[in-house]
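Visitor: Got data35.cif for you, mmCIF, C-alpha atoms:
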```
data_structure
#
loop_
_atom_site.group_PDB
_atom_site.id
_atom_site.type_symbol
_atom_site.label_atom_id
_atom_site.label_comp_id
_atom_site.auth_asym_id
_atom_site.auth_seq_id
_atom_site.Cartn_x
_atom_site.Cartn_y
_atom_site.Cartn_z
ATOM 1 C CA MET A 40 -11.240 -22.880 33.333
ATOM 2 C CA ARG A 41 -11.460 -21.928 29.662
ATOM 3 C CA THR A 42 -8.361 -21.882 27.567
ATOM 4 C CA ALA A 43 -8.019 -19.214 24.956
ATOM 5 C CA ARG A 44 -8.358 -20.276 21.374
ATOM 6 C CA PRO A 45 -5.174 -19.981 19.363
ATOM 7 C CA ALA A 46 -5.129 -16.938 17.133
ATOM 8 C CA ALA A 47 -6.041 -17.592 13.526
ATOM 9 C CA ARG A 48 -2.962 -17.922 11.359
ATOM 10 C CA GLU A 49 -2.338 -14.698 9.502
ATOM 11 C CA LEU A 50 -2.980 -14.998 5.807
ATOM 12 C CA ARG A 51 0.043 -13.867 3.871
ATOM 13 C CA PRO A 52 0.240 -12.950 0.191
ATOM 14 C CA LEU A 53 0.806 -15.729 -2.282
ATOM 15 C CA PRO A 54 4.310 -15.579 -3.778
ATOM 16 C CA HIS A 55 4.834 -13.492 -6.895
ATOM 17 C CA GLU A 56 6.968 -15.126 -9.556
ATOM 18 C CA GLN A 57 8.955 -12.231 -10.945
ATOM 19 C CA ARG A 58 11.757 -11.458 -13.357
ATOM 20 C CA THR A 59 14.576 -9.081 -12.457
ATOM 21 C CA LEU A 60 15.461 -6.929 -15.454
ATOM 22 C CA ALA A 61 18.774 -5.172 -15.859
ATOM 23 C CA GLY A 62 17.304 -1.954 -17.198
ATOM 24 C CA GLY A 63 19.157 0.178 -19.714
ATOM 25 C CA THR A 64 18.207 2.383 -22.637
ATOM 26 C CA PHE A 65 15.450 1.571 -25.123
ATOM 27 C CA ALA A 66 13.377 3.387 -27.750
ATOM 28 C CA MET A 67 9.881 3.963 -26.323
ATOM 29 C CA GLY A 68 6.944 4.628 -28.626
ATOM 30 C CA ASP A 69 5.382 3.570 -31.913
ATOM 31 C CA ALA A 70 8.148 2.931 -34.477
ATOM 32 C CA PHE A 71 5.504 2.084 -37.129
ATOM 33 C CA ALA A 72 3.278 5.164 -36.621
ATOM 34 C CA GLU A 73 0.264 2.838 -36.407
ATOM 35 C CA GLY A 74 -1.255 4.122 -33.191
ATOM 36 C CA TYR A 75 -4.304 6.287 -32.678
ATOM 37 C CA PRO A 76 -3.134 9.953 -32.668
ATOM 38 C CA ALA A 77 -5.087 10.766 -29.509
ATOM 39 C CA ASP A 78 -3.228 8.007 -27.623
ATOM 40 C CA GLY A 79 0.064 9.893 -27.804
ATOM 41 C CA GLU A 80 2.414 7.054 -28.841
ATOM 42 C CA LEU A 81 4.780 9.524 -30.535
ATOM 43 C CA PRO A 82 7.455 10.710 -30.716
ATOM 44 C CA VAL A 83 9.654 7.677 -30.316
ATOM 45 C CA HIS A 84 12.167 8.680 -27.643
ATOM 46 C CA ASP A 85 15.035 7.076 -25.761
ATOM 47 C CA VAL A 86 14.394 6.160 -22.125
ATOM 48 C CA THR A 87 16.941 4.843 -19.637
ATOM 49 C CA LEU A 88 15.656 2.680 -16.783
ATOM 50 C CA SER A 89 17.251 1.517 -13.564
ATOM 51 C CA PRO A 90 17.084 -2.236 -12.824
ATOM 52 C CA PHE A 91 13.676 -3.431 -11.637
ATOM 53 C CA ALA A 92 11.730 -6.632 -10.999
ATOM 54 C CA ILE A 93 8.271 -7.297 -12.459
ATOM 55 C CA ASP A 94 5.717 -10.101 -12.189
ATOM 56 C CA ALA A 95 5.983 -12.865 -14.764
ATOM 57 C CA THR A 96 2.173 -12.850 -15.032
ATOM 58 C CA THR A 97 -0.763 -10.661 -14.216
ATOM 59 C CA VAL A 98 -2.232 -11.012 -10.732
ATOM 60 C CA THR A 99 -4.466 -14.071 -10.738
ATOM 61 C CA ASN A 100 -7.799 -14.865 -9.123
ATOM 62 C CA ALA A 101 -5.906 -16.989 -6.592
ATOM 63 C CA HIS A 102 -3.678 -14.056 -5.621
ATOM 64 C CA PHE A 103 -6.585 -11.646 -5.336
ATOM 65 C CA ALA A 104 -8.750 -14.112 -3.405
ATOM 66 C CA ARG A 105 -6.026 -14.399 -0.748
ATOM 67 C CA PHE A 106 -5.907 -10.600 -0.519
ATOM 68 C CA ALA A 107 -9.687 -10.237 -0.237
ATOM 69 C CA ARG A 108 -9.920 -12.961 2.384
ATOM 70 C CA ALA A 109 -7.080 -11.536 4.477
ATOM 71 C CA THR A 110 -8.162 -7.896 4.369
ATOM 72 C CA GLY A 111 -11.898 -7.951 3.724
ATOM 73 C CA HIS A 112 -11.344 -5.603 0.805
ATOM 74 C CA VAL A 113 -14.518 -4.782 -1.125
ATOM 75 C CA THR A 114 -13.802 -3.795 -4.709
ATOM 76 C CA ASP A 115 -15.311 -0.800 -6.448
ATOM 77 C CA ALA A 116 -17.342 -3.155 -8.658
ATOM 78 C CA GLU A 117 -18.770 -4.896 -5.591
ATOM 79 C CA ARG A 118 -19.676 -1.553 -4.059
ATOM 80 C CA ALA A 119 -21.335 -0.439 -7.284
ATOM 81 C CA GLY A 120 -23.314 -3.669 -7.547
ATOM 82 C CA SER A 121 -22.711 -4.055 -11.282
ATOM 83 C CA SER A 122 -19.987 -3.979 -13.899
ATOM 84 C CA ALA A 123 -19.374 -4.153 -17.650
ATOM 85 C CA VAL A 124 -19.399 -7.604 -19.285
ATOM 86 C CA PHE A 125 -18.933 -8.377 -22.986
ATOM 87 C CA HIS A 126 -22.338 -9.305 -24.424
ATOM 88 C CA ALA A 127 -21.315 -12.695 -25.833
ATOM 89 C CA TYR A 128 -19.943 -13.922 -22.499
ATOM 90 C CA ALA A 129 -22.556 -12.618 -20.054
ATOM 91 C CA LEU A 130 -24.022 -15.199 -17.684
ATOM 92 C CA ALA A 131 -27.037 -13.442 -16.230
ATOM 93 C CA GLY A 132 -30.813 -13.489 -16.380
ATOM 94 C CA PRO A 133 -32.624 -10.712 -18.298
ATOM 95 C CA ALA A 134 -33.489 -8.846 -15.104
ATOM 96 C CA ASP A 135 -29.785 -8.527 -14.245
ATOM 97 C CA VAL A 136 -28.833 -6.922 -17.551
ATOM 98 C CA LEU A 137 -29.228 -3.265 -16.675
ATOM 99 C CA GLY A 138 -28.388 -1.740 -20.034
ATOM 100 C CA ARG A 139 -25.840 -1.332 -22.828
ATOM 101 C CA SER A 140 -23.133 1.222 -23.352
ATOM 102 C CA PRO A 141 -24.420 3.792 -25.880
ATOM 103 C CA SER A 142 -20.983 4.187 -27.471
ATOM 104 C CA ALA A 143 -19.996 0.507 -27.291
ATOM 105 C CA PRO A 144 -23.186 -1.614 -27.325
ATOM 106 C CA TRP A 145 -21.240 -4.858 -27.017
ATOM 107 C CA TRP A 146 -20.723 -3.942 -23.343
ATOM 108 C CA LEU A 147 -23.580 -4.875 -21.006
ATOM 109 C CA GLU A 148 -23.982 -3.442 -17.535
ATOM 110 C CA VAL A 149 -24.617 -6.592 -15.491
ATOM 111 C CA ARG A 150 -25.868 -6.629 -11.919
ATOM 112 C CA GLY A 151 -23.664 -8.779 -9.680
ATOM 113 C CA ALA A 152 -20.655 -8.872 -12.018
ATOM 114 C CA ASP A 153 -17.397 -8.500 -10.095
ATOM 115 C CA TRP A 154 -14.090 -10.316 -9.650
ATOM 116 C CA ARG A 155 -15.795 -13.303 -7.969
ATOM 117 C CA ARG A 156 -18.473 -13.483 -10.713
ATOM 118 C CA PRO A 157 -16.635 -12.200 -13.792
ATOM 119 C CA TYR A 158 -19.413 -12.858 -16.317
ATOM 120 C CA GLY A 159 -22.389 -12.068 -14.108
ATOM 121 C CA PRO A 160 -24.340 -13.601 -11.212
ATOM 122 C CA LEU A 161 -24.560 -17.029 -12.872
ATOM 123 C CA SER A 162 -20.764 -17.312 -13.115
ATOM 124 C CA GLY A 163 -17.938 -17.878 -10.632
ATOM 125 C CA VAL A 164 -14.178 -18.327 -10.406
ATOM 126 C CA ASP A 165 -14.089 -22.006 -9.449
ATOM 127 C CA GLY A 166 -11.499 -23.583 -11.724
ATOM 128 C CA LEU A 167 -10.173 -20.153 -12.747
ATOM 129 C CA ASP A 168 -7.450 -19.733 -10.112
ATOM 130 C CA ASP A 169 -4.815 -19.270 -12.826
ATOM 131 C CA HIS A 170 -6.816 -16.723 -14.821
ATOM 132 C CA PRO A 171 -6.203 -12.991 -14.389
ATOM 133 C CA VAL A 172 -8.391 -11.211 -11.884
ATOM 134 C CA VAL A 173 -10.752 -8.753 -13.606
ATOM 135 C CA HIS A 174 -13.266 -6.052 -12.644
ATOM 136 C CA VAL A 175 -10.567 -4.291 -10.607
ATOM 137 C CA SER A 176 -10.189 -0.523 -10.531
ATOM 138 C CA LEU A 177 -6.916 1.315 -10.067
ATOM 139 C CA ARG A 178 -7.897 1.846 -6.441
ATOM 140 C CA ASP A 179 -8.369 -1.904 -5.999
ATOM 141 C CA ALA A 180 -4.993 -2.597 -7.612
ATOM 142 C CA LEU A 181 -3.274 -0.074 -5.347
ATOM 143 C CA ALA A 182 -4.944 -1.588 -2.271
ATOM 144 C CA TYR A 183 -3.555 -4.990 -3.299
ATOM 145 C CA CYS A 184 -0.111 -3.435 -3.764
ATOM 146 C CA ALA A 185 -0.256 -1.832 -0.321
ATOM 147 C CA TRP A 186 -1.048 -5.199 1.288
ATOM 148 C CA THR A 187 1.676 -7.083 -0.566
ATOM 149 C CA GLY A 188 4.331 -4.369 -0.302
ATOM 150 C CA ARG A 189 4.533 -4.146 -4.074
ATOM 151 C CA ALA A 190 3.854 -1.420 -6.654
ATOM 152 C CA LEU A 191 2.410 -0.937 -10.097
ATOM 153 C CA PRO A 192 4.940 -0.632 -12.926
ATOM 154 C CA THR A 193 5.543 2.747 -14.447
ATOM 155 C CA GLU A 194 4.495 2.985 -18.066
ATOM 156 C CA ALA A 195 8.136 3.014 -19.172
ATOM 157 C CA GLN A 196 8.921 -0.063 -17.076
ATOM 158 C CA TRP A 197 5.922 -1.825 -18.564
ATOM 159 C CA GLU A 198 6.902 -1.105 -22.180
ATOM 160 C CA TYR A 199 10.552 -2.024 -21.612
ATOM 161 C CA ALA A 200 9.431 -5.311 -20.044
ATOM 162 C CA ALA A 201 6.912 -5.983 -22.824
ATOM 163 C CA ARG A 202 9.537 -5.555 -25.532
ATOM 164 C CA GLY A 203 11.493 -8.458 -24.077
ATOM 165 C CA GLY A 204 14.798 -7.196 -25.454
ATOM 166 C CA LEU A 205 13.526 -6.606 -29.011
ATOM 167 C CA HIS A 206 14.318 -3.211 -30.510
ATOM 168 C CA GLY A 207 11.465 -1.367 -32.202
ATOM 169 C CA ALA A 208 9.275 -4.469 -32.612
ATOM 170 C CA ARG A 209 5.526 -4.202 -33.166
ATOM 171 C CA TYR A 210 4.593 -6.986 -30.739
ATOM 172 C CA ALA A 211 6.193 -8.598 -27.696
ATOM 173 C CA TRP A 212 7.547 -11.415 -29.925
ATOM 174 C CA GLY A 213 8.234 -9.655 -33.251
ATOM 175 C CA ASP A 214 6.479 -7.852 -36.079
ATOM 176 C CA GLU A 215 3.901 -10.461 -37.182
ATOM 177 C CA LEU A 216 0.771 -11.147 -35.152
ATOM 178 C CA THR A 217 0.690 -14.893 -35.843
ATOM 179 C CA PRO A 218 4.107 -15.927 -37.185
ATOM 180 C CA GLY A 219 3.856 -19.297 -38.904
ATOM 181 C CA GLY A 220 0.150 -19.356 -38.022
ATOM 182 C CA GLU A 221 0.931 -19.629 -34.289
ATOM 183 C CA HIS A 222 -0.970 -17.521 -31.748
ATOM 184 C CA HIS A 223 1.238 -15.653 -29.294
ATOM 185 C CA CYS A 224 -1.453 -13.746 -27.416
ATOM 186 C CA HIS A 225 -5.141 -13.897 -26.598
ATOM 187 C CA VAL A 226 -7.073 -11.299 -28.607
ATOM 188 C CA PHE A 227 -10.427 -11.357 -30.381
ATOM 189 C CA GLN A 228 -10.643 -13.686 -33.382
ATOM 190 C CA GLY A 229 -13.606 -13.607 -35.734
ATOM 191 C CA THR A 230 -15.901 -10.750 -36.718
ATOM 192 C CA PHE A 231 -16.004 -8.159 -33.951
ATOM 193 C CA PRO A 232 -18.219 -7.881 -31.946
ATOM 194 C CA SER A 233 -20.804 -10.401 -33.083
ATOM 195 C CA ALA A 234 -18.987 -13.614 -33.948
ATOM 196 C CA PRO A 235 -16.022 -14.641 -31.774
ATOM 197 C CA THR A 236 -14.419 -17.871 -33.002
ATOM 198 C CA GLY A 237 -11.973 -18.541 -30.176
ATOM 199 C CA ALA A 238 -9.420 -19.645 -32.774
ATOM 200 C CA ASP A 239 -6.596 -19.354 -30.243
ATOM 201 C CA GLY A 240 -8.392 -21.777 -27.917
ATOM 202 C CA TRP A 241 -10.047 -19.239 -25.616
ATOM 203 C CA PHE A 242 -12.982 -16.840 -25.596
ATOM 204 C CA ALA A 243 -13.004 -14.647 -22.462
ATOM 205 C CA THR A 244 -9.920 -14.718 -20.217
ATOM 206 C CA ALA A 245 -7.241 -17.355 -20.756
ATOM 207 C CA PRO A 246 -4.921 -18.837 -18.118
ATOM 208 C CA VAL A 247 -1.978 -16.524 -17.529
ATOM 209 C CA ARG A 248 0.530 -18.962 -19.055
ATOM 210 C CA ALA A 249 -1.551 -20.089 -22.022
ATOM 211 C CA PHE A 250 0.841 -18.524 -24.561
ATOM 212 C CA PRO A 251 4.638 -18.438 -24.872
ATOM 213 C CA PRO A 252 6.540 -15.860 -22.795
ATOM 214 C CA ASN A 253 8.512 -13.041 -24.369
ATOM 215 C CA GLY A 254 12.293 -12.744 -24.346
ATOM 216 C CA PHE A 255 12.327 -11.691 -20.688
ATOM 217 C CA GLY A 256 10.193 -14.661 -19.603
ATOM 218 C CA LEU A 257 7.047 -12.527 -19.170
ATOM 219 C CA TYR A 258 3.589 -13.782 -20.099
ATOM 220 C CA ASP A 259 0.568 -11.938 -21.514
ATOM 221 C CA MET A 260 2.324 -8.682 -22.332
ATOM 222 C CA ALA A 261 -0.235 -8.507 -25.143
ATOM 223 C CA GLY A 262 -3.914 -9.378 -24.928
ATOM 224 C CA ASN A 263 -5.866 -11.238 -22.244
ATOM 225 C CA VAL A 264 -6.482 -8.245 -19.921
ATOM 226 C CA TRP A 265 -5.583 -4.580 -19.775
ATOM 227 C CA GLU A 266 -3.020 -3.776 -17.072
ATOM 228 C CA TRP A 267 -3.007 -0.702 -14.836
ATOM 229 C CA CYS A 268 0.227 1.304 -14.717
ATOM 230 C CA ALA A 269 1.436 3.847 -12.152
ATOM 231 C CA ASP A 270 1.342 6.794 -14.573
ATOM 232 C CA GLY A 271 -1.254 9.383 -15.270
ATOM 233 C CA PHE A 272 -2.213 9.737 -18.932
ATOM 234 C CA ASP A 273 -1.066 12.706 -20.980
ATOM 235 C CA PRO A 274 -0.999 12.442 -24.802
ATOM 236 C CA THR A 275 1.759 15.095 -24.968
ATOM 237 C CA TRP A 276 3.987 13.466 -22.365
ATOM 238 C CA TYR A 277 6.406 11.740 -24.761
ATOM 239 C CA ALA A 278 7.497 15.084 -26.227
ATOM 240 C CA ARG A 279 8.759 16.272 -22.820
ATOM 241 C CA SER A 280 9.354 13.097 -20.828
ATOM 242 C CA PRO A 281 12.584 12.918 -18.812
ATOM 243 C CA ARG A 282 15.101 10.497 -20.246
ATOM 244 C CA ARG A 283 15.793 8.578 -17.012
ATOM 245 C CA ASP A 284 13.160 6.614 -15.064
ATOM 246 C CA PRO A 285 10.178 8.734 -16.214
ATOM 247 C CA HIS A 286 6.960 8.702 -14.244
ATOM 248 C CA CYS A 287 3.973 10.942 -15.000
ATOM 249 C CA PRO A 288 1.630 11.220 -11.995
ATOM 250 C CA ALA A 289 -1.999 12.151 -12.514
ATOM 251 C CA PRO A 290 -3.584 15.200 -10.894
ATOM 252 C CA ASP A 291 -5.606 14.437 -7.781
ATOM 253 C CA THR A 292 -9.021 14.942 -9.385
ATOM 254 C CA PRO A 293 -11.889 12.460 -9.886
ATOM 255 C CA ASP A 294 -11.752 12.777 -13.662
ATOM 256 C CA ALA A 295 -7.983 12.276 -13.958
ATOM 257 C CA ARG A 296 -7.112 9.499 -16.379
ATOM 258 C CA HIS A 297 -4.542 6.791 -15.737
ATOM 259 C CA VAL A 298 -2.607 4.613 -18.159
ATOM 260 C CA LEU A 299 -3.443 1.006 -18.992
ATOM 261 C CA ARG A 300 -1.290 -1.159 -21.230
ATOM 262 C CA GLY A 301 -1.338 -4.420 -23.171
ATOM 263 C CA GLY A 302 -4.785 -4.718 -24.735
ATOM 264 C CA SER A 303 -7.246 -7.485 -23.917
ATOM 265 C CA TYR A 304 -9.212 -10.446 -25.230
ATOM 266 C CA LEU A 305 -11.535 -7.921 -26.915
ATOM 267 C CA CYS A 306 -8.881 -6.177 -29.015
ATOM 268 C CA HIS A 307 -9.309 -6.586 -32.773
ATOM 269 C CA PRO A 308 -7.770 -4.740 -35.767
ATOM 270 C CA SER A 309 -11.176 -3.347 -36.738
ATOM 271 C CA TYR A 310 -11.812 -1.801 -33.332
ATOM 272 C CA CYS A 311 -8.877 -1.660 -30.903
ATOM 273 C CA ASN A 312 -5.448 -2.326 -32.356
ATOM 274 C CA ARG A 313 -3.836 -1.824 -28.962
ATOM 275 C CA TYR A 314 -2.047 -5.120 -28.370
ATOM 276 C CA ARG A 315 1.090 -3.606 -29.902
ATOM 277 C CA VAL A 316 3.838 -3.030 -27.305
ATOM 278 C CA SER A 317 3.728 0.752 -27.768
ATOM 279 C CA ALA A 318 -0.071 1.044 -27.486
ATOM 280 C CA ARG A 319 -1.680 3.001 -24.647
ATOM 281 C CA THR A 320 -5.145 3.696 -23.359
ATOM 282 C CA ALA A 321 -6.483 5.447 -20.292
ATOM 283 C CA THR A 322 -9.446 5.717 -17.967
ATOM 284 C CA THR A 323 -10.307 7.033 -14.509
ATOM 285 C CA ALA A 324 -9.146 5.413 -11.266
ATOM 286 C CA ASP A 325 -12.650 4.236 -10.361
ATOM 287 C CA SER A 326 -13.237 2.409 -13.673
ATOM 288 C CA PHE A 327 -13.526 -1.385 -13.886
ATOM 289 C CA SER A 328 -14.690 -3.970 -16.399
ATOM 290 C CA GLY A 329 -14.476 -7.619 -17.352
ATOM 291 C CA ASN A 330 -11.179 -7.158 -19.197
ATOM 292 C CA CYS A 331 -9.160 -5.046 -16.769
ATOM 293 C CA GLY A 332 -6.467 -6.411 -14.420
ATOM 294 C CA PHE A 333 -2.868 -5.639 -13.384
ATOM 295 C CA ARG A 334 0.604 -6.943 -12.592
ATOM 296 C CA THR A 335 3.055 -5.612 -10.005
ATOM 297 C CA THR A 336 6.687 -4.756 -9.453
ATOM 298 C CA SER A 337 8.872 -5.202 -6.426
ATOM 299 C CA ARG A 338 8.602 -1.951 -4.467
ATOM 300 C CA ALA A 339 12.359 -1.962 -3.813
ATOM 301 C CA HIS A 340 12.892 -1.715 -7.575
ATOM 302 C CA SER A 341 10.029 0.658 -8.393
ATOM 303 C CA SER A 342 10.645 4.143 -9.778
ATOM 304 C CA ALA A 343 6.978 5.015 -9.167
ATOM 305 C CA GLU A 344 7.923 6.132 -5.650
ATOM 306 C CA ARG A 345 10.092 8.969 -6.982
ATOM 307 C CA PRO A 346 9.016 12.611 -6.625
ATOM 308 C CA PRO A 347 6.718 13.771 -9.446
ATOM 309 C CA ASP A 348 8.418 14.523 -12.771
ATOM 310 C CA CYS A 349 5.435 16.058 -14.507
ATOM 311 C CA ALA A 350 1.871 17.176 -14.333
ATOM 312 C CA PRO A 351 -0.299 16.384 -17.344
ATOM 313 C CA ALA A 352 -0.689 19.311 -19.709
ATOM 314 C CA ASP A 353 -4.385 19.736 -18.935
ATOM 315 C CA ALA A 354 -3.961 19.576 -15.151
#
```
Please rewrite the model in this file as structure tokens.

Guide:
Amino acid sequence: MRTARPAARELRPLPHEQRTLAGGTFAMGDAFAEGYPADGELPVHDVTLSPFAIDATTVTNAHFARFARATGHVTDAERAGSSAVFHAYALAGPADVLGRSPSAPWWLEVRGADWRRPYGPLSGVDGLDDHPVVHVSLRDALAYCAWTGRALPTEAQWEYAARGGLHGARYAWGDELTPGGEHHCHVFQGTFPSAPTGADGWFATAPVRAFPPNGFGLYDMAGNVWEWCADGFDPTWYARSPRRDPHCPAPDTPDARHVLRGGSYLCHPSYCNRYRVSARTATTADSFSGNCGFRTTSRAHSSAERPPDCAPADA
């Protein structure tokens, strides 16, 4: 008589190291008026947040691998069969380079690039467990959140967390990019886009704890990878944002843009000065690239579950 095999042990999410923040009132926006006007970093306005808990780091390859193995999730990049990889870091044969971005020729469209092969089909994530997962769309990030019972931070939560208790600072650690010559984040060093020097010790992604944390004990709130937020993007939102726990949902349309924060390893003063704590950018929910990841909040502390406060002005 056959005996039934024991059921496979359910794979559970890896733990998320998080920091519980007390919330309170802070000045949100660009106190130096250095941002790109179209990004909508002004006016500076007071925001009051309820307490919340947020990941100490971005979601890593190890975290995402557990999710993919447990659920069988196929990312948008995997479905597409290709993704954007910075030209200097691509690991692919000529036949797998499908083209360049007309507006940003340093981006190559590489067949087989996805979270498991972040630089193309000749790469992998072995030895990169503690690096941020990349090539994830907003839809992929939300699928991960649904499995783990977590949420994406609202844009206001993200900026409050990034400031680390500093009032009106330019960066997550102060007003100077490299105080005393010390690197505090992983951004592009050298002449962009042709000659990266890796002066901070890294070229493409860095481990999530490669640089000192901010005042709240949070890592990589500037540089390394862009981070998806729960908000839709509206450049006029700050002028009419609610004071308490604001959240700006995007319209349910394919071309709706969503907020990303923090900058990435490709940010450089000559091209993308968006590693300042107030900086914003946006793209559509189905977008993905080799410098895009996310971190999460505890759903119990998330204000992203509130009823909609706004609809973008162009909705």

Visitor: What residues come out when you apply the PyMOL selection byres ((chain A and resi 83) around 12) to this file, written as an MDAnalysis selection string?

Guide: chainID A and resid 65:72 74 79:82 84:86 206:207 276:280 282 317

Visitor: Between A:Arg315, A:Arg58, A:Arg334, A:Arg155, which residue has the minimum interatomic distance to Ala208 in chain A, considering only C-alpha atoms?

Guide: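 Result for the nearest residue to Ala208 in chain A: A:Arg315.
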
Visitor: Fewer than 2 positions away in the same chain doesn't count, so skip those; otherwise give me all residues within 7 Å of Val316 in chain A, counting only C-alpha atoms, as number ranges by chain.

Guide: A: 198, 201-202, 209-211, 301, 314, 318

Visitor: Taking the file above as input, evaluate the PyMOL selection byres ((chain A and resi 196) around 12) and report the hits as a PyMOL selection string.

Guide: chain A and resi 59-65+67+86-94+190-195+197-203+268-270+283-286+300+316-317+334-337+340-343

Visitor: Pick out the closest residue to Asp291 in chain A from this set: A:Val124, A:Ala107, A:Leu161, A:Ala324. Count all atoms listed in the file.

Guide: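 The answer is A:Ala324, which sits nearest to Asp291 in chain A.
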
Visitor: The PyMOL selection byres ((chain A and resi 308-313) around 10) on the file shown: which residues, as a ChimeraX atom specification?

Guide: /A:73-75,78,226-228,230-232,261-262,265,300-303,305-307,314-320

Visitor: Is there a way to complete range 164-176 of chain A with N, CA and C atoms and then write that out as a short mmCIF file (atom, residue, chain, number, x, y, z; two decimals), in the frame of the given file?

Guide:
```
data_model
loop_
_atom_site.label_atom_id
_atom_site.label_comp_id
_atom_site.auth_asym_id
_atom_site.auth_seq_id
_atom_site.Cartn_x
_atom_site.Cartn_y
_atom_site.Cartn_z
N VAL A 164 -15.60 -18.17 -10.09
CA VAL A 164 -14.18 -18.33 -10.41
C VAL A 164 -13.66 -19.71 -10.04
N ASP A 165 -14.53 -20.63 -9.69
CA ASP A 165 -14.09 -22.01 -9.45
C ASP A 165 -13.43 -22.54 -10.72
N GLY A 166 -12.23 -23.08 -10.58
CA GLY A 166 -11.50 -23.58 -11.72
C GLY A 166 -10.75 -22.52 -12.49
N LEU A 167 -10.84 -21.26 -12.04
CA LEU A 167 -10.17 -20.15 -12.75
C LEU A 167 -9.08 -19.52 -11.89
N ASP A 168 -8.49 -20.28 -10.98
CA ASP A 168 -7.45 -19.73 -10.11
C ASP A 168 -6.30 -19.13 -10.90
N ASP A 169 -5.96 -19.73 -12.05
CA ASP A 169 -4.82 -19.27 -12.83
C ASP A 169 -5.20 -18.31 -13.94
N HIS A 170 -6.41 -17.76 -13.89
CA HIS A 170 -6.82 -16.72 -14.82
C HIS A 170 -6.58 -15.36 -14.17
N PRO A 171 -6.41 -14.32 -14.97
CA PRO A 171 -6.20 -12.99 -14.39
C PRO A 171 -7.45 -12.49 -13.68
N VAL A 172 -7.26 -11.85 -12.55
CA VAL A 172 -8.39 -11.21 -11.88
C VAL A 172 -8.86 -10.05 -12.76
N VAL A 173 -10.17 -9.83 -12.80
CA VAL A 173 -10.75 -8.75 -13.61
C VAL A 173 -11.77 -7.98 -12.76
N HIS A 174 -12.34 -6.95 -13.35
CA HIS A 174 -13.27 -6.05 -12.64
C HIS A 174 -12.56 -5.37 -11.47
N VAL A 175 -11.29 -5.01 -11.66
CA VAL A 175 -10.57 -4.29 -10.61
C VAL A 175 -10.26 -2.88 -11.10
N SER A 176 -10.51 -1.91 -10.24
CA SER A 176 -10.19 -0.52 -10.53
C SER A 176 -8.73 -0.26 -10.16
#
```
